[in-house]
$ cat start.pdb   # PDB, C-alpha atoms, pLDDT in the B column
ATOM      1  CA  MET A  29      73.814 104.697 111.179  1.00 73.00           C
ATOM      2  CA  THR A  30      72.569 107.800 109.412  1.00 91.00           C
ATOM      3  CA  ARG A  31      75.452 110.202 110.046  1.00 96.00           C
ATOM      4  CA  LEU A  32      75.335 111.324 106.410  1.00 98.00           C
ATOM      5  CA  ASN A  33      71.570 111.533 106.055  1.00 98.00           C
ATOM      6  CA  ALA A  34      70.542 113.811 103.132  1.00 97.00           C
ATOM      7  CA  LYS A  35      74.165 114.735 102.402  1.00 98.00           C
ATOM      8  CA  THR A  36      75.460 114.893  98.838  1.00 98.00           C
ATOM      9  CA  ALA A  37      78.917 113.497  98.118  1.00 99.00           C
ATOM     10  CA  VAL A  38      81.318 113.314  95.197  1.00 99.00           C
ATOM     11  CA  ILE A  39      83.903 110.536  95.111  1.00 98.00           C
ATOM     12  CA  THR A  40      86.537 110.571  92.390  1.00 98.00           C
ATOM     13  CA  GLY A  41      88.009 107.216  91.500  1.00 97.00           C
ATOM     14  CA  GLY A  42      84.695 105.951  92.819  1.00 97.00           C
ATOM     15  CA  ALA A  43      84.003 102.989  90.555  1.00 97.00           C
ATOM     16  CA  THR A  44      86.407 100.526  92.158  1.00 96.00           C
ATOM     17  CA  GLY A  45      88.595  99.885  95.172  1.00 96.00           C
ATOM     18  CA  ILE A  46      88.647 102.368  98.031  1.00 97.00           C
ATOM     19  CA  GLY A  47      86.366 104.812  96.210  1.00 97.00           C
ATOM     20  CA  ARG A  48      83.648 102.232  95.664  1.00 97.00           C
ATOM     21  CA  ALA A  49      83.924 100.970  99.238  1.00 97.00           C
ATOM     22  CA  ALA A  50      83.562 104.551 100.487  1.00 98.00           C
ATOM     23  CA  ALA A  51      80.562 105.123  98.210  1.00 98.00           C
ATOM     24  CA  LYS A  52      78.882 102.027  99.615  1.00 98.00           C
ATOM     25  CA  ARG A  53      79.487 103.170 103.192  1.00 98.00           C
ATOM     26  CA  PHE A  54      78.350 106.739 102.492  1.00 98.00           C
ATOM     27  CA  ILE A  55      75.089 105.476 100.981  1.00 98.00           C
ATOM     28  CA  GLU A  56      74.524 103.097 103.889  1.00 98.00           C
ATOM     29  CA  GLU A  57      74.825 106.132 106.162  1.00 98.00           C
ATOM     30  CA  GLY A  58      72.262 108.128 104.200  1.00 98.00           C
ATOM     31  CA  ALA A  59      74.219 110.022 101.549  1.00 98.00           C
ATOM     32  CA  PHE A  60      73.499 110.534  97.860  1.00 98.00           C
ATOM     33  CA  VAL A  61      76.747 109.857  95.977  1.00 98.00           C
ATOM     34  CA  PHE A  62      78.157 110.853  92.603  1.00 98.00           C
ATOM     35  CA  ILE A  63      81.018 108.588  91.563  1.00 98.00           C
ATOM     36  CA  PHE A  64      83.485 109.807  88.956  1.00 98.00           C
ATOM     37  CA  GLY A  65      85.907 107.710  86.947  1.00 98.00           C
ATOM     38  CA  ARG A  66      87.367 107.000  83.527  1.00 96.00           C
ATOM     39  CA  ARG A  67      85.879 103.574  82.707  1.00 96.00           C
ATOM     40  CA  GLN A  68      82.197 103.483  81.795  1.00 97.00           C
ATOM     41  CA  GLU A  69      81.891  99.723  82.301  1.00 97.00           C
ATOM     42  CA  ALA A  70      83.224  99.967  85.860  1.00 97.00           C
ATOM     43  CA  LEU A  71      80.991 102.952  86.598  1.00 98.00           C
ATOM     44  CA  ASP A  72      77.909 101.112  85.338  1.00 98.00           C
ATOM     45  CA  ALA A  73      78.734  98.058  87.447  1.00 97.00           C
ATOM     46  CA  ALA A  74      79.267 100.215  90.527  1.00 98.00           C
ATOM     47  CA  VAL A  75      75.963 102.064  90.146  1.00 98.00           C
ATOM     48  CA  ALA A  76      74.116  98.765  89.625  1.00 98.00           C
ATOM     49  CA  ASP A  77      75.598  97.544  92.905  1.00 97.00           C
ATOM     50  CA  LEU A  78      75.210 100.785  94.870  1.00 98.00           C
ATOM     51  CA  GLY A  79      71.556 101.369  94.026  1.00 98.00           C
ATOM     52  CA  PRO A  80      69.266 104.363  93.480  1.00 98.00           C
ATOM     53  CA  ASN A  81      71.245 106.826  95.604  1.00 98.00           C
ATOM     54  CA  ALA A  82      74.261 106.629  93.284  1.00 98.00           C
ATOM     55  CA  ARG A  83      74.991 108.422  90.049  1.00 98.00           C
ATOM     56  CA  ALA A  84      77.996 108.021  87.752  1.00 98.00           C
ATOM     57  CA  VAL A  85      79.797 110.604  85.654  1.00 98.00           C
ATOM     58  CA  LYS A  86      82.574 109.509  83.296  1.00 98.00           C
ATOM     59  CA  GLY A  87      85.724 111.587  83.120  1.00 98.00           C
ATOM     60  CA  SER A  88      89.277 112.203  84.263  1.00 98.00           C
ATOM     61  CA  VAL A  89      90.353 114.440  87.139  1.00 98.00           C
ATOM     62  CA  SER A  90      93.197 115.678  84.951  1.00 97.00           C
ATOM     63  CA  ASP A  91      90.673 117.173  82.492  1.00 98.00           C
ATOM     64  CA  GLU A  92      89.052 120.380  83.737  1.00 98.00           C
ATOM     65  CA  ALA A  93      86.170 120.100  81.269  1.00 98.00           C
ATOM     66  CA  ASP A  94      85.312 116.664  82.658  1.00 98.00           C
ATOM     67  CA  LEU A  95      85.273 118.066  86.182  1.00 98.00           C
ATOM     68  CA  ASP A  96      83.020 120.906  85.025  1.00 98.00           C
ATOM     69  CA  ARG A  97      80.571 118.302  83.687  1.00 98.00           C
ATOM     70  CA  LEU A  98      80.688 116.443  86.999  1.00 98.00           C
ATOM     71  CA  TYR A  99      79.797 119.495  89.064  1.00 98.00           C
ATOM     72  CA  ALA A 100      77.179 120.635  86.569  1.00 98.00           C
ATOM     73  CA  ALA A 101      75.493 117.254  87.078  1.00 98.00           C
ATOM     74  CA  VAL A 102      75.680 117.643  90.858  1.00 98.00           C
ATOM     75  CA  LYS A 103      74.212 121.145  90.715  1.00 98.00           C
ATOM     76  CA  ALA A 104      71.434 120.116  88.336  1.00 98.00           C
ATOM     77  CA  GLU A 105      70.226 117.196  90.447  1.00 98.00           C
ATOM     78  CA  ARG A 106      71.120 118.172  94.004  1.00 98.00           C
ATOM     79  CA  GLY A 107      71.819 121.903  94.031  1.00 98.00           C
ATOM     80  CA  THR A 108      74.552 121.821  96.649  1.00 98.00           C
ATOM     81  CA  LEU A 109      77.412 119.589  97.752  1.00 98.00           C
ATOM     82  CA  ASP A 110      78.443 118.528 101.262  1.00 98.00           C
ATOM     83  CA  ILE A 111      81.327 116.087 100.812  1.00 99.00           C
ATOM     84  CA  VAL A 112      84.190 115.799  98.345  1.00 99.00           C
ATOM     85  CA  PHE A 113      86.374 112.703  98.541  1.00 98.00           C
ATOM     86  CA  ALA A 114      89.257 113.454  96.153  1.00 98.00           C
ATOM     87  CA  ASN A 115      90.325 109.850  95.916  1.00 98.00           C
ATOM     88  CA  ALA A 116      91.438 109.361  92.302  1.00 97.00           C
ATOM     89  CA  GLY A 117      95.121 108.572  92.073  1.00 94.00           C
ATOM     90  CA  THR A 118      97.754 106.743  90.099  1.00 93.00           C
ATOM     91  CA  GLY A 119     101.256 105.438  90.601  1.00 90.00           C
ATOM     92  CA  SER A 120     103.715 103.052  89.025  1.00 89.00           C
ATOM     93  CA  PRO A 121     107.311 102.120  89.831  1.00 90.00           C
ATOM     94  CA  LEU A 122     110.351 103.622  88.114  1.00 94.00           C
ATOM     95  CA  PRO A 123     113.636 103.680  90.042  1.00 94.00           C
ATOM     96  CA  LEU A 124     115.933 106.674  90.181  1.00 97.00           C
ATOM     97  CA  GLY A 125     117.959 106.676  86.989  1.00 97.00           C
ATOM     98  CA  GLN A 126     115.003 105.589  84.854  1.00 97.00           C
ATOM     99  CA  ILE A 127     112.448 108.306  85.676  1.00 97.00           C
ATOM    100  CA  THR A 128     111.032 110.107  82.638  1.00 98.00           C
ATOM    101  CA  ALA A 129     109.270 113.436  82.195  1.00 98.00           C
ATOM    102  CA  GLY A 130     106.176 111.595  80.955  1.00 97.00           C
ATOM    103  CA  HIS A 131     106.093 109.444  84.084  1.00 97.00           C
ATOM    104  CA  ILE A 132     106.241 112.531  86.299  1.00 97.00           C
ATOM    105  CA  ASP A 133     103.577 114.313  84.257  1.00 97.00           C
ATOM    106  CA  ASP A 134     101.191 111.346  84.371  1.00 97.00           C
ATOM    107  CA  THR A 135     101.567 110.984  88.137  1.00 97.00           C
ATOM    108  CA  PHE A 136     101.331 114.667  89.051  1.00 98.00           C
ATOM    109  CA  ASP A 137      98.538 115.428  86.573  1.00 98.00           C
ATOM    110  CA  THR A 138      96.287 112.974  88.400  1.00 97.00           C
ATOM    111  CA  ASN A 139      97.509 113.077  91.987  1.00 97.00           C
ATOM    112  CA  VAL A 140      98.278 116.783  92.381  1.00 98.00           C
ATOM    113  CA  LYS A 141      96.693 118.784  89.570  1.00 98.00           C
ATOM    114  CA  GLY A 142      93.659 116.501  89.616  1.00 98.00           C
ATOM    115  CA  THR A 143      93.248 116.885  93.361  1.00 98.00           C
ATOM    116  CA  ILE A 144      93.592 120.674  93.173  1.00 98.00           C
ATOM    117  CA  PHE A 145      90.928 121.113  90.526  1.00 98.00           C
ATOM    118  CA  THR A 146      88.616 118.468  91.986  1.00 98.00           C
ATOM    119  CA  VAL A 147      88.461 120.577  95.135  1.00 98.00           C
ATOM    120  CA  GLN A 148      88.629 124.057  93.632  1.00 98.00           C
ATOM    121  CA  LYS A 149      85.762 123.423  91.215  1.00 98.00           C
ATOM    122  CA  ALA A 150      83.617 121.958  94.020  1.00 98.00           C
ATOM    123  CA  LEU A 151      83.848 124.987  96.303  1.00 98.00           C
ATOM    124  CA  PRO A 152      81.048 127.079  94.722  1.00 98.00           C
ATOM    125  CA  LEU A 153      78.609 124.287  95.632  1.00 98.00           C
ATOM    126  CA  MET A 154      79.841 123.882  99.230  1.00 98.00           C
ATOM    127  CA  GLY A 155      79.083 125.741 102.440  1.00 98.00           C
ATOM    128  CA  PRO A 156      79.463 125.553 106.235  1.00 98.00           C
ATOM    129  CA  GLY A 157      79.721 121.974 107.455  1.00 98.00           C
ATOM    130  CA  GLY A 158      81.295 120.799 104.228  1.00 98.00           C
ATOM    131  CA  SER A 159      84.000 118.153 104.373  1.00 98.00           C
ATOM    132  CA  ILE A 160      86.842 117.670 101.910  1.00 99.00           C
ATOM    133  CA  ILE A 161      88.820 114.444 102.134  1.00 98.00           C
ATOM    134  CA  LEU A 162      92.051 113.933 100.197  1.00 98.00           C
ATOM    135  CA  THR A 163      93.552 110.492  99.657  1.00 97.00           C
ATOM    136  CA  GLY A 164      97.176 110.463 100.716  1.00 96.00           C
ATOM    137  CA  SER A 165      99.373 107.434 101.238  1.00 94.00           C
ATOM    138  CA  SER A 166     101.804 105.972 103.728  1.00 90.00           C
ATOM    139  CA  ALA A 167     104.364 106.485 100.932  1.00 88.00           C
ATOM    140  CA  GLY A 168     103.919 110.231 101.327  1.00 91.00           C
ATOM    141  CA  THR A 169     105.458 109.934 104.790  1.00 88.00           C
ATOM    142  CA  THR A 170     107.972 107.105 104.469  1.00 89.00           C
ATOM    143  CA  GLY A 171     108.849 107.098 100.791  1.00 80.00           C
ATOM    144  CA  ALA A 172     108.844 103.859  98.817  1.00 83.00           C
ATOM    145  CA  PRO A 173     111.631 102.345  96.715  1.00 87.00           C
ATOM    146  CA  ALA A 174     111.179 103.064  92.980  1.00 92.00           C
ATOM    147  CA  PHE A 175     108.119 105.228  93.669  1.00 91.00           C
ATOM    148  CA  SER A 176     109.752 108.676  93.690  1.00 96.00           C
ATOM    149  CA  ALA A 177     107.034 110.455  91.701  1.00 96.00           C
ATOM    150  CA  TYR A 178     104.164 108.763  93.518  1.00 94.00           C
ATOM    151  CA  SER A 179     105.626 109.350  96.985  1.00 95.00           C
ATOM    152  CA  ALA A 180     106.381 112.991  96.191  1.00 97.00           C
ATOM    153  CA  SER A 181     102.876 113.534  94.821  1.00 97.00           C
ATOM    154  CA  LYS A 182     101.305 112.159  97.984  1.00 96.00           C
ATOM    155  CA  ALA A 183     103.561 114.329 100.146  1.00 97.00           C
ATOM    156  CA  ALA A 184     102.225 117.245  98.102  1.00 98.00           C
ATOM    157  CA  VAL A 185      98.659 116.160  98.878  1.00 98.00           C
ATOM    158  CA  ARG A 186      99.435 116.298 102.599  1.00 97.00           C
ATOM    159  CA  ASN A 187     100.633 119.871 102.214  1.00 97.00           C
ATOM    160  CA  LEU A 188      97.597 120.855 100.153  1.00 98.00           C
ATOM    161  CA  ALA A 189      95.362 119.991 103.103  1.00 98.00           C
ATOM    162  CA  LYS A 190      97.420 122.126 105.470  1.00 98.00           C
ATOM    163  CA  THR A 191      97.439 125.073 103.074  1.00 98.00           C
ATOM    164  CA  TRP A 192      93.754 124.796 102.252  1.00 98.00           C
ATOM    165  CA  ALA A 193      92.769 124.656 105.904  1.00 98.00           C
ATOM    166  CA  GLU A 194      94.243 128.161 106.101  1.00 98.00           C
ATOM    167  CA  ASP A 195      92.591 129.266 102.856  1.00 98.00           C
ATOM    168  CA  LEU A 196      89.199 127.993 104.040  1.00 98.00           C
ATOM    169  CA  LYS A 197      89.200 129.851 107.365  1.00 98.00           C
ATOM    170  CA  GLY A 198      85.785 131.338 108.014  1.00 97.00           C
ATOM    171  CA  THR A 199      83.948 129.156 105.481  1.00 98.00           C
ATOM    172  CA  GLY A 200      83.061 126.294 107.844  1.00 98.00           C
ATOM    173  CA  ILE A 201      84.551 123.827 105.348  1.00 98.00           C
ATOM    174  CA  ARG A 202      87.034 121.300 106.688  1.00 98.00           C
ATOM    175  CA  VAL A 203      89.809 119.497 104.774  1.00 98.00           C
ATOM    176  CA  ASN A 204      91.643 116.394 105.947  1.00 98.00           C
ATOM    177  CA  VAL A 205      93.844 113.659 104.505  1.00 98.00           C
ATOM    178  CA  LEU A 206      93.098 109.947 104.679  1.00 98.00           C
ATOM    179  CA  SER A 207      96.322 107.995 104.154  1.00 96.00           C
ATOM    180  CA  PRO A 208      95.934 104.272 103.525  1.00 95.00           C
ATOM    181  CA  GLY A 209      98.688 101.713 103.513  1.00 91.00           C
ATOM    182  CA  ALA A 210      98.595  98.551 101.415  1.00 89.00           C
ATOM    183  CA  THR A 211      94.937  97.839 100.637  1.00 93.00           C
ATOM    184  CA  ALA A 212      93.542  94.673  99.084  1.00 90.00           C
ATOM    185  CA  THR A 213      91.676  96.259  96.205  1.00 89.00           C
ATOM    186  CA  GLU A 214      91.047  94.139  93.129  1.00 84.00           C
ATOM    187  CA  LEU A 215      93.694  96.133  91.245  1.00 77.00           C
ATOM    188  CA  ALA A 216      96.269  95.655  94.010  1.00 82.00           C
ATOM    189  CA  LYS A 217      95.595  91.937  94.304  1.00 86.00           C
ATOM    190  CA  GLU A 218      95.949  91.491  90.562  1.00 82.00           C
ATOM    191  CA  ALA A 219      99.143  93.555  90.416  1.00 73.00           C
ATOM    192  CA  LEU A 220     100.824  91.988  93.447  1.00 79.00           C
ATOM    193  CA  GLY A 221      99.755  88.373  93.181  1.00 87.00           C
ATOM    194  CA  GLU A 222      99.635  86.136  96.236  1.00 89.00           C
ATOM    195  CA  GLU A 223     103.331  86.450  97.048  1.00 89.00           C
ATOM    196  CA  GLY A 224     103.320  90.225  96.732  1.00 84.00           C
ATOM    197  CA  GLN A 225     100.320  90.475  99.021  1.00 89.00           C
ATOM    198  CA  LYS A 226     102.155  88.399 101.614  1.00 90.00           C
ATOM    199  CA  VAL A 227     105.154  90.722 101.418  1.00 88.00           C
ATOM    200  CA  PHE A 228     103.038  93.826 101.988  1.00 85.00           C
ATOM    201  CA  ALA A 229     101.085  92.138 104.773  1.00 90.00           C
ATOM    202  CA  ALA A 230     104.304  91.215 106.561  1.00 91.00           C
ATOM    203  CA  MET A 231     105.462  94.862 106.493  1.00 88.00           C
ATOM    204  CA  THR A 232     102.652  96.033 108.796  1.00 91.00           C
ATOM    205  CA  PRO A 233     102.349  95.429 112.550  1.00 93.00           C
ATOM    206  CA  LEU A 234      98.840  94.054 111.942  1.00 95.00           C
ATOM    207  CA  GLN A 235     100.343  91.534 109.506  1.00 94.00           C
ATOM    208  CA  ARG A 236      97.731  91.963 106.794  1.00 95.00           C
ATOM    209  CA  MET A 237      96.563  94.315 104.083  1.00 94.00           C
ATOM    210  CA  ALA A 238      93.530  96.516 104.664  1.00 94.00           C
ATOM    211  CA  ASP A 239      90.106  95.645 103.355  1.00 95.00           C
ATOM    212  CA  PRO A 240      88.811  98.574 101.236  1.00 96.00           C
ATOM    213  CA  ALA A 241      85.760  98.704 103.511  1.00 97.00           C
ATOM    214  CA  GLU A 242      88.039  99.608 106.430  1.00 97.00           C
ATOM    215  CA  ILE A 243      89.293 102.638 104.521  1.00 97.00           C
ATOM    216  CA  GLY A 244      85.721 103.518 103.514  1.00 98.00           C
ATOM    217  CA  ALA A 245      84.672 103.493 107.160  1.00 97.00           C
ATOM    218  CA  VAL A 246      87.288 106.100 108.054  1.00 98.00           C
ATOM    219  CA  ALA A 247      86.271 108.191 105.046  1.00 98.00           C
ATOM    220  CA  ALA A 248      82.702 108.159 106.406  1.00 98.00           C
ATOM    221  CA  PHE A 249      83.989 109.368 109.778  1.00 98.00           C
ATOM    222  CA  LEU A 250      85.858 112.257 108.138  1.00 98.00           C
ATOM    223  CA  ALA A 251      82.788 113.078 106.045  1.00 98.00           C
ATOM    224  CA  SER A 252      80.508 113.204 109.078  1.00 98.00           C
ATOM    225  CA  SER A 253      80.027 115.652 111.928  1.00 97.00           C
ATOM    226  CA  ASP A 254      81.807 113.154 114.193  1.00 98.00           C
ATOM    227  CA  SER A 255      85.019 114.752 112.903  1.00 98.00           C
ATOM    228  CA  SER A 256      83.656 118.314 113.143  1.00 98.00           C
ATOM    229  CA  PHE A 257      86.689 119.662 115.036  1.00 98.00           C
ATOM    230  CA  MET A 258      89.235 118.196 112.630  1.00 98.00           C
ATOM    231  CA  THR A 259      90.874 120.075 109.798  1.00 98.00           C
ATOM    232  CA  ALA A 260      94.402 119.974 108.323  1.00 98.00           C
ATOM    233  CA  SER A 261      94.740 116.524 109.894  1.00 98.00           C
ATOM    234  CA  GLU A 262      96.147 113.360 108.382  1.00 97.00           C
ATOM    235  CA  VAL A 263      94.533 110.103 109.456  1.00 97.00           C
ATOM    236  CA  ALA A 264      96.738 107.080 108.827  1.00 96.00           C
ATOM    237  CA  VAL A 265      94.804 103.893 108.066  1.00 96.00           C
ATOM    238  CA  ASP A 266      97.850 101.808 107.303  1.00 94.00           C
ATOM    239  CA  GLY A 267      98.046  99.021 109.865  1.00 93.00           C
ATOM    240  CA  GLY A 268     100.882 100.920 111.536  1.00 93.00           C
ATOM    241  CA  LEU A 269     103.104 100.801 108.444  1.00 88.00           C
ATOM    242  CA  ALA A 270     104.225 104.437 108.522  1.00 88.00           C
ATOM    243  CA  GLN A 271     103.918 104.886 112.271  1.00 89.00           C
ATOM    244  CA  LEU A 272     106.820 102.795 113.557  1.00 84.00           C
TER     245      LEU A 272
END
$ encode --input "start.pdb" --output "structure tokens"
Amino acid sequence: MTRLNAKTAVITGGATGIGRAAAKRFIEEGAFVFIFGRRQEALDAAVADLGPNARAVKGSVSDEADLDRLYAAVKAERGTLDIVFANAGTGSPLPLGQITAGHIDDTFDTNVKGTIFTVQKALPLMGPGGSIILTGSSAGTTGAPAFSAYSASKAAVRNLAKTWAEDLKGTGIRVNVLSPGATATELAKEALGEEGQKVFAAMTPLQRMADPAEIGAVAAFLASSDSSFMTASEVAVDGGLAQL
């Protein structure tokens, strides 16, 4: 398929996991992709795997200067931007009673502030037909024990899409949320172990965790003109976890 032929995309958190799977799918469908992340080694490995239509920029979404460098690189090489996949995110467990200000700041700086400025700084390069995709989470709908800050941050992301769809009226730019459930990224598999993966798999009607490529495929749909009449929508790719 060439649904994204000649399109230019930015994917934050693009070196590993869902971001890398989406980058691979976007390139397969014809896009030129800039991946953005904090670890140079992971970025280098991703670009080596993704091939000549990938570029890497090192930085953090919580640092505005890093985002400025990202979009300066996009403008210098490509001129304009068609797709922004604001995928970078973080989350760790702390139950009510143990939550700290630092924990909240770390989570919201990446998941909310980082998402806001990833999108806002991209807008001068975007035009009609542009697609913005925000990574939500099933936890933003259902909540998750000990994940108060993470769940709240992802609920905020859902609302950002609804608000921005109003703000972007008349521009021809769409904004939607892709909300995965438990996904078998390398990081998740390492963190959960075999038993943890079984627990998460058993929680979903499909009785398994998602492959990152399955999430990447839906990101490609939202990036393409196949979703041209969708904005302010949330697409759950969670095996039914938050739907029942």
$ residues_around --input "start.pdb" --residues "Ser261 of chain A" --least-positions-apart "2" --cutoff "12 Å" --atoms "all atoms listed in the file" --output "list in words"
Ile160, Ile161, Leu162, Thr163, Gly164, Val185, Arg186, Asn187, Leu188, Ala189, Lys190, Thr191, Trp192, Ala193, Arg202, Val203, Asn204, Val205, Leu206, Ser207, Leu250, Ser255, Ser256, Phe257, Met258, Thr259, Val263 and Ala264 of chain A
$ atom_distance --input "start.pdb" --atom1 "atom CA of Thr135 of chain A" --atom2 "atom CA of Arg66 of chain A"
15.5 Å
$ atom_distance --input "start.pdb" --atom1 "atom CA of Pro80 of chain A" --atom2 "atom CA of Gly155 of chain A"
25.2 Å
$ residues_around --input "start.pdb" --residues "segment 120-127 of chain A" --least-positions-apart "6" --cutoff "8 Å" --atoms "all atoms listed in the file" --output "ChimeraX atom specification"
/A:173-176,178
$ closest_residue --input "start.pdb" --among "A:Gly221, A:Thr118, A:Ser159, A:Lys35" --to "Asp134 of chain A" --atoms "only C-alpha atoms"
A:Thr118
$ atom_distance --input "start.pdb" --atom1 "atom CA of Ser90 of chain A" --atom2 "atom CA of Gly157 of chain A"
27.0 Å
$ resolve_selection --input "start.pdb" --expression "the PyMOL selection byres ((chain A and resi 241-249) around 9)" --output "VMD selection string"
chain A and resid 31 to 32 45 to 54 57 113 161 206 to 208 211 238 to 240 250 to 255 263 265
$ residues_near_point --input "start.pdb" --point "(86.8, 102.8, 80.8)" --cutoff "12 Å" --atoms "only C-alpha atoms" --output "PyMOL selection string"
chain A and resi 41+43-44+64-73+85-88
$ resolve_selection --input "start.pdb" --expression "the PyMOL selection byres ((chain A and resi 149) around 10)" --output "PyMOL selection string"
chain A and resi 92+95-96+98-99+144-148+150-154
$ axis_aligned_box --input "start.pdb" --around "segment 124-139 of chain A" --padding-each-side "4 Å" --output "AutoDock Vina command-line options"
--center_x 107.1 --center_y 110.5 --center_z 86.5 --size_x 29.7 --size_y 17.8 --size_z 19.0
$ residues_around --input "start.pdb" --residues "Gly142 of chain A" --least-positions-apart "5" --cutoff "8 Å" --atoms "only C-alpha atoms" --output "ChimeraX atom specification"
/A:89-91,116,136-137
$ resolve_selection --input "start.pdb" --expression "the PyMOL selection byres ((chain A and resi 230-235) around 12)" --output "number ranges by chain"
A: 166, 208-211, 223-229, 236-238, 265-272
$ decode --input "start.pdb" --residues "segment 85-136 of chain A" --atoms "C-alpha atoms" --output "PDB file, in the first residue's frame"
ATOM      1  CA  VAL A  85      16.587  13.568  16.217  1.00  0.00           C
ATOM      2  CA  LYS A  86      17.592  13.165  19.864  1.00  0.00           C
ATOM      3  CA  GLY A  87      15.634  15.034  22.498  1.00  0.00           C
ATOM      4  CA  SER A  88      12.844  15.077  25.053  1.00  0.00           C
ATOM      5  CA  VAL A  89       9.267  16.206  24.451  1.00  0.00           C
ATOM      6  CA  SER A  90       9.381  17.950  27.822  1.00  0.00           C
ATOM      7  CA  ASP A  91      12.133  20.280  26.539  1.00  0.00           C
ATOM      8  CA  GLU A  92      10.865  22.983  24.186  1.00  0.00           C
ATOM      9  CA  ALA A  93      14.338  23.656  22.788  1.00  0.00           C
ATOM     10  CA  ASP A  94      14.643  20.001  21.780  1.00  0.00           C
ATOM     11  CA  LEU A  95      11.304  20.185  19.992  1.00  0.00           C
ATOM     12  CA  ASP A  96      12.436  23.351  18.209  1.00  0.00           C
ATOM     13  CA  ARG A  97      15.488  21.442  16.940  1.00  0.00           C
ATOM     14  CA  LEU A  98      13.256  18.607  15.747  1.00  0.00           C
ATOM     15  CA  TYR A  99      11.016  20.863  13.684  1.00  0.00           C
ATOM     16  CA  ALA A 100      13.952  22.874  12.374  1.00  0.00           C
ATOM     17  CA  ALA A 101      15.355  19.595  11.028  1.00  0.00           C
ATOM     18  CA  VAL A 102      12.010  18.729   9.434  1.00  0.00           C
ATOM     19  CA  LYS A 103      11.731  22.154   7.813  1.00  0.00           C
ATOM     20  CA  ALA A 104      15.314  22.086   6.550  1.00  0.00           C
ATOM     21  CA  GLU A 105      15.023  18.700   4.848  1.00  0.00           C
ATOM     22  CA  ARG A 106      11.354  18.427   3.916  1.00  0.00           C
ATOM     23  CA  GLY A 107       9.856  21.909   4.109  1.00  0.00           C
ATOM     24  CA  THR A 108       6.439  20.853   5.346  1.00  0.00           C
ATOM     25  CA  LEU A 109       4.883  18.250   7.623  1.00  0.00           C
ATOM     26  CA  ASP A 110       1.817  16.061   7.059  1.00  0.00           C
ATOM     27  CA  ILE A 111       1.604  13.762  10.084  1.00  0.00           C
ATOM     28  CA  VAL A 112       2.410  14.153  13.767  1.00  0.00           C
ATOM     29  CA  PHE A 113       2.186  11.059  15.952  1.00  0.00           C
ATOM     30  CA  ALA A 114       2.599  12.405  19.502  1.00  0.00           C
ATOM     31  CA  ASN A 115       3.410   9.026  20.953  1.00  0.00           C
ATOM     32  CA  ALA A 116       6.043   9.682  23.632  1.00  0.00           C
ATOM     33  CA  GLY A 117       4.766   8.834  27.080  1.00  0.00           C
ATOM     34  CA  THR A 118       5.745   7.621  30.506  1.00  0.00           C
ATOM     35  CA  GLY A 119       4.103   6.057  33.519  1.00  0.00           C
ATOM     36  CA  SER A 120       5.004   4.196  36.673  1.00  0.00           C
ATOM     37  CA  PRO A 121       2.952   2.883  39.590  1.00  0.00           C
ATOM     38  CA  LEU A 122       2.502   4.713  42.891  1.00  0.00           C
ATOM     39  CA  PRO A 123      -0.643   3.985  44.914  1.00  0.00           C
ATOM     40  CA  LEU A 124      -2.748   6.659  46.551  1.00  0.00           C
ATOM     41  CA  GLY A 125      -1.041   7.600  49.790  1.00  0.00           C
ATOM     42  CA  GLN A 126       2.440   7.405  48.266  1.00  0.00           C
ATOM     43  CA  ILE A 127       2.107   9.828  45.332  1.00  0.00           C
ATOM     44  CA  THR A 128       4.732  12.582  45.259  1.00  0.00           C
ATOM     45  CA  ALA A 129       4.892  15.955  43.533  1.00  0.00           C
ATOM     46  CA  GLY A 130       7.926  14.766  41.564  1.00  0.00           C
ATOM     47  CA  HIS A 131       6.031  11.723  40.309  1.00  0.00           C
ATOM     48  CA  ILE A 132       3.171  13.915  39.093  1.00  0.00           C
ATOM     49  CA  ASP A 133       5.554  16.388  37.466  1.00  0.00           C
ATOM     50  CA  ASP A 134       7.483  13.662  35.634  1.00  0.00           C
ATOM     51  CA  THR A 135       4.294  12.081  34.298  1.00  0.00           C
ATOM     52  CA  PHE A 136       2.510  15.275  33.265  1.00  0.00           C
TER      53      PHE A 136
END
